[in-house]
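Take a look at the structure set out below.
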Amino acid sequence: MRYLETKKPRIEIIPMIDIMLFLLVFFAMLTLRMIPASGHITKLPTSSTAVTIPPPKLLVEIQADGSLLVENNKLTPAQLTALLKQRDSSKTAVTIAGNQTASLQQLMDVMDAVRNGGATEIALATRNAAAK
């Protein structure tokens, strides 16, 4: 009477492994896309009041030697102003990431160049002091 025997239910684990692998790849890709920097190492200053902001439309990095890095191109403040004037800079959010060794004068020169380009949304990138 083999025909009347009920089969024992089995849990198939291969589809679960496929789903877990898909989720792992998905979250890895999502995490990699959340890094706003251009891949350059910048030692940001710290602030105890730092908050998270959305990724900027334009990231300006002040390097240790004082040069500006915008979209993997070294620019002068005058070239940065010209770049912002070419875009619709009133809707461009600019984030300035200054190196710890950058002087206040270098920061002010970059902020003046961004304002002269017409951008109104300017943010300064920092690290949270608690996450040191």
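In the structure tokens, chains take the letters A, B, ... in the order shown, each chain's residues start at 1, and ligands count up from 1 in the order shown.
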
Quick one: pick out all helix (DSSP H, G or I) residues within segment 48-125 of chain A from a backbone DSSP run and write them as a ChimeraX atom specification.
-> /A:77-86,89-91,104-116

Export N, CA and C atoms of the chosen residues as a PDB file, in the first residue's frame?
```
ATOM      1  N   PRO A  77      39.590  78.827  -7.762  1.00  0.00           N
ATOM      2  CA  PRO A  77      38.309  79.439  -7.369  1.00  0.00           C
ATOM      3  C   PRO A  77      37.595  80.138  -8.530  1.00  0.00           C
ATOM      4  N   ALA A  78      38.349  80.762  -9.437  1.00  0.00           N
ATOM      5  CA  ALA A  78      37.718  81.427 -10.590  1.00  0.00           C
ATOM      6  C   ALA A  78      37.066  80.402 -11.517  1.00  0.00           C
ATOM      7  N   GLN A  79      37.728  79.265 -11.723  1.00  0.00           N
ATOM      8  CA  GLN A  79      37.139  78.215 -12.562  1.00  0.00           C
ATOM      9  C   GLN A  79      35.901  77.617 -11.893  1.00  0.00           C
ATOM     10  N   LEU A  80      35.916  77.502 -10.559  1.00  0.00           N
ATOM     11  CA  LEU A  80      34.747  77.007  -9.827  1.00  0.00           C
ATOM     12  C   LEU A  80      33.562  77.950 -10.007  1.00  0.00           C
ATOM     13  N   THR A  81      33.812  79.248  -9.936  1.00  0.00           N
ATOM     14  CA  THR A  81      32.751  80.240 -10.156  1.00  0.00           C
ATOM     15  C   THR A  81      32.185  80.108 -11.561  1.00  0.00           C
ATOM     16  N   ALA A  82      33.057  79.953 -12.550  1.00  0.00           N
ATOM     17  CA  ALA A  82      32.601  79.811 -13.935  1.00  0.00           C
ATOM     18  C   ALA A  82      31.794  78.535 -14.118  1.00  0.00           C
ATOM     19  N   LEU A  83      32.213  77.441 -13.455  1.00  0.00           N
ATOM     20  CA  LEU A  83      31.483  76.179 -13.546  1.00  0.00           C
ATOM     21  C   LEU A  83      30.078  76.321 -12.980  1.00  0.00           C
ATOM     22  N   LEU A  84      29.950  77.003 -11.844  1.00  0.00           N
ATOM     23  CA  LEU A  84      28.636  77.179 -11.231  1.00  0.00           C
ATOM     24  C   LEU A  84      27.747  78.113 -12.054  1.00  0.00           C
ATOM     25  N   LYS A  85      28.341  79.087 -12.709  1.00  0.00           N
ATOM     26  CA  LYS A  85      27.547  79.992 -13.549  1.00  0.00           C
ATOM     27  C   LYS A  85      27.003  79.268 -14.771  1.00  0.00           C
ATOM     28  N   GLN A  86      27.707  78.229 -15.255  1.00  0.00           N
ATOM     29  CA  GLN A  86      27.227  77.455 -16.403  1.00  0.00           C
ATOM     30  C   GLN A  86      26.013  76.617 -16.019  1.00  0.00           C
ATOM     31  N   SER A  89      22.840  77.260 -10.914  1.00  0.00           N
ATOM     32  CA  SER A  89      23.434  77.173  -9.589  1.00  0.00           C
ATOM     33  C   SER A  89      22.478  77.558  -8.462  1.00  0.00           C
ATOM     34  N   SER A  90      21.336  78.170  -8.778  1.00  0.00           N
ATOM     35  CA  SER A  90      20.398  78.503  -7.699  1.00  0.00           C
ATOM     36  C   SER A  90      19.788  77.240  -7.105  1.00  0.00           C
ATOM     37  N   LYS A  91      19.796  76.136  -7.869  1.00  0.00           N
ATOM     38  CA  LYS A  91      19.251  74.875  -7.374  1.00  0.00           C
ATOM     39  C   LYS A  91      20.358  73.867  -7.063  1.00  0.00           C
ATOM     40  N   LEU A 104      41.456  78.801   7.320  1.00  0.00           N
ATOM     41  CA  LEU A 104      40.176  79.496   7.267  1.00  0.00           C
ATOM     42  C   LEU A 104      40.100  80.387   6.035  1.00  0.00           C
ATOM     43  N   GLN A 105      41.234  80.955   5.626  1.00  0.00           N
ATOM     44  CA  GLN A 105      41.253  81.799   4.437  1.00  0.00           C
ATOM     45  C   GLN A 105      40.949  80.990   3.182  1.00  0.00           C
ATOM     46  N   GLN A 106      41.481  79.772   3.094  1.00  0.00           N
ATOM     47  CA  GLN A 106      41.181  78.913   1.950  1.00  0.00           C
ATOM     48  C   GLN A 106      39.694  78.592   1.909  1.00  0.00           C
ATOM     49  N   LEU A 107      39.103  78.315   3.069  1.00  0.00           N
ATOM     50  CA  LEU A 107      37.672  78.026   3.144  1.00  0.00           C
ATOM     51  C   LEU A 107      36.852  79.231   2.701  1.00  0.00           C
ATOM     52  N   MET A 108      37.241  80.417   3.147  1.00  0.00           N
ATOM     53  CA  MET A 108      36.500  81.623   2.771  1.00  0.00           C
ATOM     54  C   MET A 108      36.638  81.912   1.271  1.00  0.00           C
ATOM     55  N   ASP A 109      37.805  81.629   0.691  1.00  0.00           N
ATOM     56  CA  ASP A 109      37.983  81.821  -0.754  1.00  0.00           C
ATOM     57  C   ASP A 109      37.043  80.907  -1.542  1.00  0.00           C
ATOM     58  N   VAL A 110      36.909  79.666  -1.078  1.00  0.00           N
ATOM     59  CA  VAL A 110      36.016  78.718  -1.760  1.00  0.00           C
ATOM     60  C   VAL A 110      34.564  79.146  -1.585  1.00  0.00           C
ATOM     61  N   MET A 111      34.193  79.570  -0.382  1.00  0.00           N
ATOM     62  CA  MET A 111      32.809  80.014  -0.154  1.00  0.00           C
ATOM     63  C   MET A 111      32.485  81.241  -1.005  1.00  0.00           C
ATOM     64  N   ASP A 112      33.439  82.168  -1.130  1.00  0.00           N
ATOM     65  CA  ASP A 112      33.214  83.338  -1.984  1.00  0.00           C
ATOM     66  C   ASP A 112      33.042  82.927  -3.437  1.00  0.00           C
ATOM     67  N   ALA A 113      33.853  81.973  -3.899  1.00  0.00           N
ATOM     68  CA  ALA A 113      33.747  81.503  -5.283  1.00  0.00           C
ATOM     69  C   ALA A 113      32.399  80.843  -5.530  1.00  0.00           C
ATOM     70  N   VAL A 114      31.910  80.066  -4.547  1.00  0.00           N
ATOM     71  CA  VAL A 114      30.615  79.397  -4.694  1.00  0.00           C
ATOM     72  C   VAL A 114      29.488  80.424  -4.707  1.00  0.00           C
ATOM     73  N   ARG A 115      29.559  81.399  -3.807  1.00  0.00           N
ATOM     74  CA  ARG A 115      28.513  82.440  -3.775  1.00  0.00           C
ATOM     75  C   ARG A 115      28.535  83.288  -5.039  1.00  0.00           C
ATOM     76  N   ASN A 116      29.719  83.614  -5.530  1.00  0.00           N
ATOM     77  CA  ASN A 116      29.809  84.384  -6.778  1.00  0.00           C
ATOM     78  C   ASN A 116      29.268  83.595  -7.958  1.00  0.00           C
TER      79      ASN A 116
END
```

Excluding Gln63 of chain A and any residue of its chain fewer than 2 positions from it, enumerate the residues within 8 Å of it, using only C-alpha atoms, and give them as a list of chain:residue names.
->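 Here the qualifying residues turn out to be A:Thr42, A:Glu61, A:Asp65, A:Gly66, A:Ser67, A:Leu68, A:Leu69, A:Gly98, A:Asn99, A:Ala102.
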
Mind dumping the selected residues with all heavy atoms as a PDB file, in the first residue's frame?
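New file again-v7.pdb:
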```pdb
ATOM      1  N   THR A  42      40.039  62.450   2.502  1.00  0.00           N
ATOM      2  CA  THR A  42      40.053  63.788   3.058  1.00  0.00           C
ATOM      3  C   THR A  42      39.841  63.670   4.554  1.00  0.00           C
ATOM      4  O   THR A  42      38.860  63.086   4.986  1.00  0.00           O
ATOM      5  CB  THR A  42      38.941  64.669   2.443  1.00  0.00           C
ATOM      6  OG1 THR A  42      39.104  64.686   1.032  1.00  0.00           O
ATOM      7  CG2 THR A  42      38.994  66.076   2.973  1.00  0.00           C
ATOM      8  N   GLU A  61      36.215  69.695  -2.760  1.00  0.00           N
ATOM      9  CA  GLU A  61      37.171  69.254  -1.751  1.00  0.00           C
ATOM     10  C   GLU A  61      38.373  70.180  -1.739  1.00  0.00           C
ATOM     11  O   GLU A  61      38.953  70.469  -2.781  1.00  0.00           O
ATOM     12  CB  GLU A  61      37.651  67.833  -2.044  1.00  0.00           C
ATOM     13  CG  GLU A  61      36.555  66.792  -1.948  1.00  0.00           C
ATOM     14  CD  GLU A  61      37.090  65.395  -2.217  1.00  0.00           C
ATOM     15  OE1 GLU A  61      38.090  65.013  -1.576  1.00  0.00           O
ATOM     16  OE2 GLU A  61      36.516  64.711  -3.072  1.00  0.00           O
ATOM     17  N   ASP A  65      47.160  70.629   0.093  1.00  0.00           N
ATOM     18  CA  ASP A  65      48.026  71.652  -0.515  1.00  0.00           C
ATOM     19  C   ASP A  65      47.259  72.914  -0.895  1.00  0.00           C
ATOM     20  O   ASP A  65      47.825  73.847  -1.445  1.00  0.00           O
ATOM     21  CB  ASP A  65      48.762  71.091  -1.723  1.00  0.00           C
ATOM     22  CG  ASP A  65      47.821  70.642  -2.838  1.00  0.00           C
ATOM     23  OD1 ASP A  65      46.589  70.657  -2.635  1.00  0.00           O
ATOM     24  OD2 ASP A  65      48.318  70.257  -3.913  1.00  0.00           O
ATOM     25  N   GLY A  66      45.952  72.954  -0.632  1.00  0.00           N
ATOM     26  CA  GLY A  66      45.142  74.142  -0.911  1.00  0.00           C
ATOM     27  C   GLY A  66      44.439  74.116  -2.248  1.00  0.00           C
ATOM     28  O   GLY A  66      43.652  75.008  -2.549  1.00  0.00           O
ATOM     29  N   SER A  67      44.689  73.097  -3.071  1.00  0.00           N
ATOM     30  CA  SER A  67      44.015  73.022  -4.373  1.00  0.00           C
ATOM     31  C   SER A  67      42.581  72.525  -4.189  1.00  0.00           C
ATOM     32  O   SER A  67      42.254  71.882  -3.206  1.00  0.00           O
ATOM     33  CB  SER A  67      44.788  72.089  -5.312  1.00  0.00           C
ATOM     34  OG  SER A  67      44.827  70.783  -4.785  1.00  0.00           O
ATOM     35  N   LEU A  68      41.732  72.845  -5.158  1.00  0.00           N
ATOM     36  CA  LEU A  68      40.328  72.447  -5.123  1.00  0.00           C
ATOM     37  C   LEU A  68      40.113  71.264  -6.043  1.00  0.00           C
ATOM     38  O   LEU A  68      40.612  71.251  -7.172  1.00  0.00           O
ATOM     39  CB  LEU A  68      39.430  73.602  -5.567  1.00  0.00           C
ATOM     40  CG  LEU A  68      39.539  74.898  -4.787  1.00  0.00           C
ATOM     41  CD1 LEU A  68      38.599  75.934  -5.374  1.00  0.00           C
ATOM     42  CD2 LEU A  68      39.240  74.671  -3.328  1.00  0.00           C
ATOM     43  N   LEU A  69      39.346  70.295  -5.590  1.00  0.00           N
ATOM     44  CA  LEU A  69      39.031  69.121  -6.392  1.00  0.00           C
ATOM     45  C   LEU A  69      37.524  69.063  -6.557  1.00  0.00           C
ATOM     46  O   LEU A  69      36.786  68.919  -5.575  1.00  0.00           O
ATOM     47  CB  LEU A  69      39.558  67.862  -5.701  1.00  0.00           C
ATOM     48  CG  LEU A  69      39.657  66.612  -6.539  1.00  0.00           C
ATOM     49  CD1 LEU A  69      40.642  66.823  -7.681  1.00  0.00           C
ATOM     50  CD2 LEU A  69      40.123  65.452  -5.696  1.00  0.00           C
ATOM     51  N   GLY A  98      36.584  70.350   3.549  1.00  0.00           N
ATOM     52  CA  GLY A  98      37.920  70.889   3.742  1.00  0.00           C
ATOM     53  C   GLY A  98      38.771  69.939   4.552  1.00  0.00           C
ATOM     54  O   GLY A  98      38.305  69.313   5.497  1.00  0.00           O
ATOM     55  N   ASN A  99      40.024  69.842   4.181  1.00  0.00           N
ATOM     56  CA  ASN A  99      40.973  69.036   4.922  1.00  0.00           C
ATOM     57  C   ASN A  99      41.198  69.673   6.292  1.00  0.00           C
ATOM     58  O   ASN A  99      40.999  70.873   6.454  1.00  0.00           O
ATOM     59  CB  ASN A  99      42.284  68.965   4.133  1.00  0.00           C
ATOM     60  CG  ASN A  99      43.163  67.838   4.589  1.00  0.00           C
ATOM     61  OD1 ASN A  99      43.543  67.783   5.744  1.00  0.00           O
ATOM     62  ND2 ASN A  99      43.468  66.944   3.680  1.00  0.00           N
ATOM     63  N   ALA A 102      43.420  72.611   6.124  1.00  0.00           N
ATOM     64  CA  ALA A 102      43.012  73.771   5.315  1.00  0.00           C
ATOM     65  C   ALA A 102      42.816  74.976   6.220  1.00  0.00           C
ATOM     66  O   ALA A 102      42.246  74.872   7.311  1.00  0.00           O
ATOM     67  CB  ALA A 102      41.736  73.466   4.551  1.00  0.00           C
TER      68      ALA A 102
END
```

Residues within 12 Å of Asp88 of chain A, only C-alpha atoms, excluding chain neighbours under 4 positions, as a ChimeraX atom specification = /A:57-58,82-84,92-93,117-120

Take the selection from the previous step and output its residues with all heavy atoms, as a PDB file, in the first residue's frame.
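Below is the file result.pdb, written as the result:
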```pdb
ATOM      1  N   LYS A  57      24.817  67.942  -4.749  1.00  0.00           N
ATOM      2  CA  LYS A  57      24.848  67.928  -6.209  1.00  0.00           C
ATOM      3  C   LYS A  57      26.251  68.246  -6.694  1.00  0.00           C
ATOM      4  O   LYS A  57      26.639  67.843  -7.773  1.00  0.00           O
ATOM      5  CB  LYS A  57      23.854  68.936  -6.766  1.00  0.00           C
ATOM      6  CG  LYS A  57      22.415  68.553  -6.502  1.00  0.00           C
ATOM      7  CD  LYS A  57      21.464  69.530  -7.123  1.00  0.00           C
ATOM      8  CE  LYS A  57      20.033  69.137  -6.817  1.00  0.00           C
ATOM      9  NZ  LYS A  57      19.088  70.118  -7.307  1.00  0.00           N
ATOM     10  N   LEU A  58      27.022  68.967  -5.874  1.00  0.00           N
ATOM     11  CA  LEU A  58      28.394  69.302  -6.228  1.00  0.00           C
ATOM     12  C   LEU A  58      29.236  69.267  -4.961  1.00  0.00           C
ATOM     13  O   LEU A  58      28.919  69.935  -3.977  1.00  0.00           O
ATOM     14  CB  LEU A  58      28.472  70.693  -6.863  1.00  0.00           C
ATOM     15  CG  LEU A  58      29.831  71.110  -7.407  1.00  0.00           C
ATOM     16  CD1 LEU A  58      30.209  70.241  -8.607  1.00  0.00           C
ATOM     17  CD2 LEU A  58      29.827  72.561  -7.801  1.00  0.00           C
ATOM     18  N   ALA A  82      33.057  79.953 -12.550  1.00  0.00           N
ATOM     19  CA  ALA A  82      32.601  79.811 -13.935  1.00  0.00           C
ATOM     20  C   ALA A  82      31.794  78.535 -14.118  1.00  0.00           C
ATOM     21  O   ALA A  82      30.787  78.521 -14.833  1.00  0.00           O
ATOM     22  CB  ALA A  82      33.795  79.823 -14.881  1.00  0.00           C
ATOM     23  N   LEU A  83      32.213  77.441 -13.455  1.00  0.00           N
ATOM     24  CA  LEU A  83      31.483  76.179 -13.546  1.00  0.00           C
ATOM     25  C   LEU A  83      30.078  76.321 -12.980  1.00  0.00           C
ATOM     26  O   LEU A  83      29.099  75.842 -13.568  1.00  0.00           O
ATOM     27  CB  LEU A  83      32.250  75.076 -12.806  1.00  0.00           C
ATOM     28  CG  LEU A  83      31.555  73.721 -12.716  1.00  0.00           C
ATOM     29  CD1 LEU A  83      31.557  73.035 -14.074  1.00  0.00           C
ATOM     30  CD2 LEU A  83      32.229  72.842 -11.676  1.00  0.00           C
ATOM     31  N   LEU A  84      29.950  77.003 -11.844  1.00  0.00           N
ATOM     32  CA  LEU A  84      28.636  77.179 -11.231  1.00  0.00           C
ATOM     33  C   LEU A  84      27.747  78.113 -12.054  1.00  0.00           C
ATOM     34  O   LEU A  84      26.532  77.940 -12.074  1.00  0.00           O
ATOM     35  CB  LEU A  84      28.786  77.704  -9.807  1.00  0.00           C
ATOM     36  CG  LEU A  84      29.288  76.681  -8.795  1.00  0.00           C
ATOM     37  CD1 LEU A  84      29.646  77.350  -7.485  1.00  0.00           C
ATOM     38  CD2 LEU A  84      28.240  75.606  -8.575  1.00  0.00           C
ATOM     39  N   THR A  92      21.609  74.288  -7.151  1.00  0.00           N
ATOM     40  CA  THR A  92      22.732  73.387  -6.912  1.00  0.00           C
ATOM     41  C   THR A  92      23.138  73.458  -5.448  1.00  0.00           C
ATOM     42  O   THR A  92      23.495  74.519  -4.948  1.00  0.00           O
ATOM     43  CB  THR A  92      23.942  73.766  -7.797  1.00  0.00           C
ATOM     44  OG1 THR A  92      23.543  73.700  -9.154  1.00  0.00           O
ATOM     45  CG2 THR A  92      25.091  72.814  -7.571  1.00  0.00           C
ATOM     46  N   ALA A  93      23.072  72.311  -4.771  1.00  0.00           N
ATOM     47  CA  ALA A  93      23.531  72.227  -3.392  1.00  0.00           C
ATOM     48  C   ALA A  93      25.024  71.911  -3.418  1.00  0.00           C
ATOM     49  O   ALA A  93      25.441  70.919  -3.989  1.00  0.00           O
ATOM     50  CB  ALA A  93      22.775  71.143  -2.650  1.00  0.00           C
ATOM     51  N   GLY A 117      29.311  82.267  -7.866  1.00  0.00           N
ATOM     52  CA  GLY A 117      28.738  81.427  -8.920  1.00  0.00           C
ATOM     53  C   GLY A 117      27.228  81.368  -8.866  1.00  0.00           C
ATOM     54  O   GLY A 117      26.582  80.874  -9.786  1.00  0.00           O
ATOM     55  N   GLY A 118      26.628  81.845  -7.769  1.00  0.00           N
ATOM     56  CA  GLY A 118      25.173  81.906  -7.659  1.00  0.00           C
ATOM     57  C   GLY A 118      24.550  80.836  -6.790  1.00  0.00           C
ATOM     58  O   GLY A 118      23.326  80.814  -6.633  1.00  0.00           O
ATOM     59  N   ALA A 119      25.332  79.955  -6.216  1.00  0.00           N
ATOM     60  CA  ALA A 119      24.763  78.897  -5.371  1.00  0.00           C
ATOM     61  C   ALA A 119      24.310  79.482  -4.041  1.00  0.00           C
ATOM     62  O   ALA A 119      24.973  80.350  -3.466  1.00  0.00           O
ATOM     63  CB  ALA A 119      25.787  77.790  -5.130  1.00  0.00           C
ATOM     64  N   THR A 120      23.171  79.025  -3.569  1.00  0.00           N
ATOM     65  CA  THR A 120      22.635  79.523  -2.305  1.00  0.00           C
ATOM     66  C   THR A 120      22.637  78.468  -1.214  1.00  0.00           C
ATOM     67  O   THR A 120      22.548  78.805  -0.038  1.00  0.00           O
ATOM     68  CB  THR A 120      21.188  80.026  -2.492  1.00  0.00           C
ATOM     69  OG1 THR A 120      20.399  78.968  -3.035  1.00  0.00           O
ATOM     70  CG2 THR A 120      21.152  81.222  -3.419  1.00  0.00           C
TER      71      THR A 120
END
```

Which one is closest to Thr52 of chain A: A:Thr76, A:Thr31, A:Ser103, A:Thr95? Count only C-alpha atoms.
->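 Ranking A:Thr76, A:Thr31, A:Ser103, A:Thr95 by distance to Thr52 of chain A, first place goes to A:Thr95.
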